[in-house]
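Novice: One structure coming up, written as structure tokens, with questions to follow.
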Amino acid sequence: MIYADNAATTKMSKAAVDTMTKLLNETWGNPSSLYSHGQNAKEVLEQARADVAAVIGAEPREIIFTSGGSEADNQAIRSAAALGKKQGKMHIISSAFEHHAVLHTLEALRKEGFDITLMDVHENGLIVPSEVEDAIRDDTCLVTIMTANNEIGTIQPIREIGAICRRRGVLFHTDAVQAVGHIPLDVIKDNIDLLSSSAHKFHGPKGVGFLFARKGVRLSNLIEGGEQESGRRAGTENVPGIAAMAAALKEANAKMAENAEHLTKMRNRLIEGITKIPHSALNGDQTRRLPGNSNFCFEGIEGESLLLLLDDKGICASSGSACTSGSLDPSHVLLAIGRVHDVAHGSLRLSLGEDITEEEVDYIIRSVGEVVAYLRSFSPLWKDLVEGRKAFII
Amino acid sequence: MALYSEKVMDHFRNPRNVGVIEDANGIGEVGNAKCGDIMKMYLKIEDDIVKDVKFETFGCGSAIASSSMATELIKGRPLSEVRQLTNKAVAEALDGLPAYKMHCSVLAEEAIQSALEDYAKRTGKSV
């Protein structure tokens, strides 16, 4: 099997599995308990907090552990909105292709009276910082822009956007779920006030993530209860999961440059090979994207059937077609970069893992070419395009 | 648990009656590219019997499987039976479809009915 869906989730690293199993077996005490068995767990927890903080240039107390990226996004945005509301600032700026954890939270806030502006992400999938600056108003309380897009992998100019927010006195949150552990991030240099991350995107376990909140940024609780996480997130901490996340992150960070170099090479080879297929196109900027991410559209075919046939060839991938989402519309990300429905239905995301080889990339290129040609061979849409009854879009 | 039944996957992987009938006397096309599904059915009807049927489909796995199964269900059958083909029969013959994929079987039914209407229009016969 060739696993090319690392943007969906990653396999846990050996370090993460070893850490987790050891703790599950040995250090299962409650970190809030005062006897040594509990305090040992507390020690593990605080070491993990320090390790995670160090990777992004934060202080340990600025990290709170969550159940994952969605919870972190919800809490960050809800907290900034609550702070804004107190000052009569009820305008939030975001982008049209954020993750649903952000967009749906903003939609809920809109119903509560907030005004939401979604920035254009342009055809290359990149937000223009000066346009964010122009959108900031006196009543703007938050700018929330993802570090890297989860479908097309484009890396946003967050440092510039953060600097603008700092200058204008607006909080800046970034959903860095796809970026942490893959590209360098520094909350100080990047001018970040709030940052969300999820362990299973960098070879950690599922169900664990963290939220960075710069000191002085008051968080509101999503989960009320005990005093865990300095009263900012109730519930007994998932110590084995959290420590496994820290282990995975430390490893990903240590190998970041090496991994990025290999992945970029493999990704470029993949892009070069796949875009040779007639009437195919790469989605998102060619270079300003995550090292392992590639995303394509193929005219005249539908994405789900493409995925099923790739699965038969042992390749795991994903698509933004409506049929894979269970809704009538294809991916909001592809629509946001201007892909029309007809083309967006035929999309394919291949997100590579660090262990991918050149031979595997060539096998993927060959397999995608075969499957696309096969599906086109009995697609009435393709026939209409080839025979000139419809115009090619890409 | 797989997304689809084995029968759906069989008809998706090895679709029956794929292609075009050059001298078809009933052709129906339903769906549109915007929705991500287009089905085209070609019928060759002789003596009120579907002598041959072929299809072309742009769509997901269940759309392709539904097209394939629908052609199997009507091939060699009298028009009186074909007329009564329902999407439910197509879905049942596939050992079921996920709820949100039932519209694929509806498209298959509509494509066949549309081809029958085309046949009626061309020949002046009522079907």
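Following the order of the structure tokens, first chain is A, next is B, and so on, with residues numbered from 1 inside each chain and ligands from 1 in the order they appear.
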Tell me the residues of chain B close to chain A, meaning within 6 Å using only C-alpha atoms, as a VMD selection string.

Specialist: chain B and resid 33 to 34 36 56 to 61

Novice: List as a PDB file with C-alpha atoms, in the first residue's frame the protein and nucleic acid residues near Met90 of chain A, meaning an atom at most 8 Å away when only C-alpha atoms are counted, but skip any in the same chain fewer than 3 places from it.

Specialist:
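Below you can see result21.pdb, which holds the result:
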ATOM      1  CA  ALA A  81     -14.753  36.978  19.863  1.00  0.00           C
ATOM      2  CA  GLY A  84     -13.886  41.708  21.145  1.00  0.00           C
ATOM      3  CA  LYS A  85     -17.508  41.774  22.172  1.00  0.00           C
ATOM      4  CA  GLY A 113     -24.344  39.239  15.670  1.00  0.00           C
ATOM      5  CA  PHE A 114     -20.727  39.239  14.509  1.00  0.00           C
ATOM      6  CA  ASP A 115     -19.840  40.600  11.100  1.00  0.00           C
ATOM      7  CA  ASP A 139     -14.320  47.249  15.147  1.00  0.00           C
ATOM      8  CA  THR A 140     -12.201  44.280  13.977  1.00  0.00           C
ATOM      9  CA  CYS A 141     -11.364  42.034  16.928  1.00  0.00           C
TER      10      CYS A 141
END

Novice: Hey, which of B:Ala120, B:Leu97, B:Cys104, B:Ile64 ends up closest to Ala2 of chain B? Count only C-alpha atoms.

Specialist: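 Going through B:Ala120, B:Leu97, B:Cys104, B:Ile64 one by one, the smallest distance to Ala2 of chain B is for B:Leu97.
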
Novice: Quick one: everything within 6 Å of segment 191-196 of chain A, counting only C-alpha atoms, minus sequence neighbours fewer than 6 positions away in the same chain. Send it as a ChimeraX atom specification.

Specialist: /A:69,72-73,162-163,172-176,211-214

Novice: Suppose you want the space between atom CA of Ile145 of chain A and atom CA of Leu290 of chain A; what is it in Å?

Specialist: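 So the answer is 15.8 Å.
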
Novice: Among chain B, which ones does DSSP assign to strand (DSSP E or B) (computed from the backbone)? Answer as a compact mmCIF listing (two decimals) with N, CA and C atoms, in the first residue's frame.

Specialist:
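Saved as part.txt:
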# COMPACT_ATOMS: atom_id res chain seq x y z
N VAL B 18 -20.76 -1.40 -21.32
CA VAL B 18 -20.20 -0.05 -21.48
C VAL B 18 -20.03 0.25 -22.95
N GLY B 26 -33.05 4.58 -29.39
CA GLY B 26 -33.50 5.33 -28.22
C GLY B 26 -32.29 5.75 -27.41
N ILE B 27 -32.09 7.05 -27.25
CA ILE B 27 -30.93 7.53 -26.48
C ILE B 27 -31.42 8.49 -25.40
N GLY B 28 -30.96 8.27 -24.20
CA GLY B 28 -31.35 9.17 -23.10
C GLY B 28 -30.14 9.64 -22.34
N GLU B 29 -30.11 10.93 -22.01
CA GLU B 29 -29.00 11.46 -21.21
C GLU B 29 -29.59 12.28 -20.07
N VAL B 30 -29.16 12.00 -18.85
CA VAL B 30 -29.64 12.75 -17.68
C VAL B 30 -28.47 13.17 -16.80
N GLY B 31 -28.75 14.10 -15.90
CA GLY B 31 -27.72 14.62 -15.00
C GLY B 31 -26.97 15.77 -15.65
N ASN B 32 -26.05 16.35 -14.91
CA ASN B 32 -25.21 17.40 -15.50
C ASN B 32 -23.86 17.45 -14.79
N ASP B 37 -22.62 14.14 -12.08
CA ASP B 37 -23.15 12.87 -12.59
C ASP B 37 -23.79 13.09 -13.96
N ILE B 38 -23.35 12.34 -14.96
CA ILE B 38 -24.06 12.33 -16.24
C ILE B 38 -24.16 10.87 -16.68
N MET B 39 -25.39 10.46 -17.03
CA MET B 39 -25.57 9.09 -17.54
C MET B 39 -26.19 9.17 -18.92
N LYS B 40 -25.65 8.35 -19.81
CA LYS B 40 -26.18 8.30 -21.17
C LYS B 40 -26.48 6.84 -21.50
N MET B 41 -27.71 6.57 -21.88
CA MET B 41 -28.15 5.20 -22.20
C MET B 41 -28.49 5.09 -23.69
N TYR B 42 -28.01 4.02 -24.31
CA TYR B 42 -28.31 3.75 -25.71
C TYR B 42 -29.13 2.46 -25.77
N LEU B 43 -30.29 2.54 -26.40
CA LEU B 43 -31.13 1.34 -26.53
C LEU B 43 -31.28 0.97 -28.00
N LYS B 44 -31.26 -0.34 -28.25
CA LYS B 44 -31.62 -0.85 -29.58
C LYS B 44 -32.86 -1.70 -29.35
N ILE B 45 -33.99 -1.16 -29.75
CA ILE B 45 -35.26 -1.84 -29.49
C ILE B 45 -35.79 -2.46 -30.78
N GLU B 46 -36.13 -3.73 -30.71
CA GLU B 46 -36.73 -4.44 -31.86
C GLU B 46 -37.88 -5.27 -31.35
N ILE B 49 -38.76 -5.25 -27.76
CA ILE B 49 -37.82 -5.87 -26.82
C ILE B 49 -36.50 -5.10 -26.87
N VAL B 50 -35.86 -4.92 -25.70
CA VAL B 50 -34.55 -4.27 -25.67
C VAL B 50 -33.51 -5.30 -26.12
N LYS B 51 -33.17 -5.23 -27.41
CA LYS B 51 -32.22 -6.20 -27.96
C LYS B 51 -30.81 -5.92 -27.45
N ASP B 52 -30.50 -4.64 -27.34
CA ASP B 52 -29.16 -4.29 -26.86
C ASP B 52 -29.23 -2.98 -26.09
N VAL B 53 -28.32 -2.85 -25.16
CA VAL B 53 -28.25 -1.61 -24.37
C VAL B 53 -26.80 -1.35 -24.01
N LYS B 54 -26.41 -0.09 -24.10
CA LYS B 54 -25.05 0.30 -23.69
C LYS B 54 -25.15 1.61 -22.91
N PHE B 55 -24.13 1.87 -22.10
CA PHE B 55 -24.15 3.14 -21.36
C PHE B 55 -22.78 3.80 -21.33
N GLU B 56 -22.83 5.11 -21.09
CA GLU B 56 -21.62 5.88 -20.77
C GLU B 56 -21.95 6.70 -19.54
N THR B 57 -21.07 6.74 -18.59
CA THR B 57 -21.34 7.49 -17.36
C THR B 57 -20.12 8.28 -16.90
N PHE B 58 -20.41 9.52 -16.50
CA PHE B 58 -19.44 10.36 -15.79
C PHE B 58 -19.99 10.44 -14.38
N PRO B 78 -38.88 -7.22 -22.41
CA PRO B 78 -39.91 -6.49 -23.17
C PRO B 78 -40.11 -5.07 -22.60

Novice: For Val143 of chain A, find every residue with an atom within 6 Å (counting only C-alpha atoms), except residues of its own chain fewer than 3 positions away, and show them as a list in words.

Specialist: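 My list of contacting residues is Ile92, Ile93, Ser94 and Phe172 of chain A.
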
Novice: Atoms to include: C-alpha atoms. Write the selected residues as a tab-separated table (two decimals), in the first residue's frame.

Specialist:
chain	number	residue	atom	x	y	z
A	92	ILE	CA	-13.80	39.15	12.28
A	93	ILE	CA	-11.66	38.64	9.19
A	94	SER	CA	-10.93	35.18	7.82
A	172	PHE	CA	-4.22	37.11	15.03
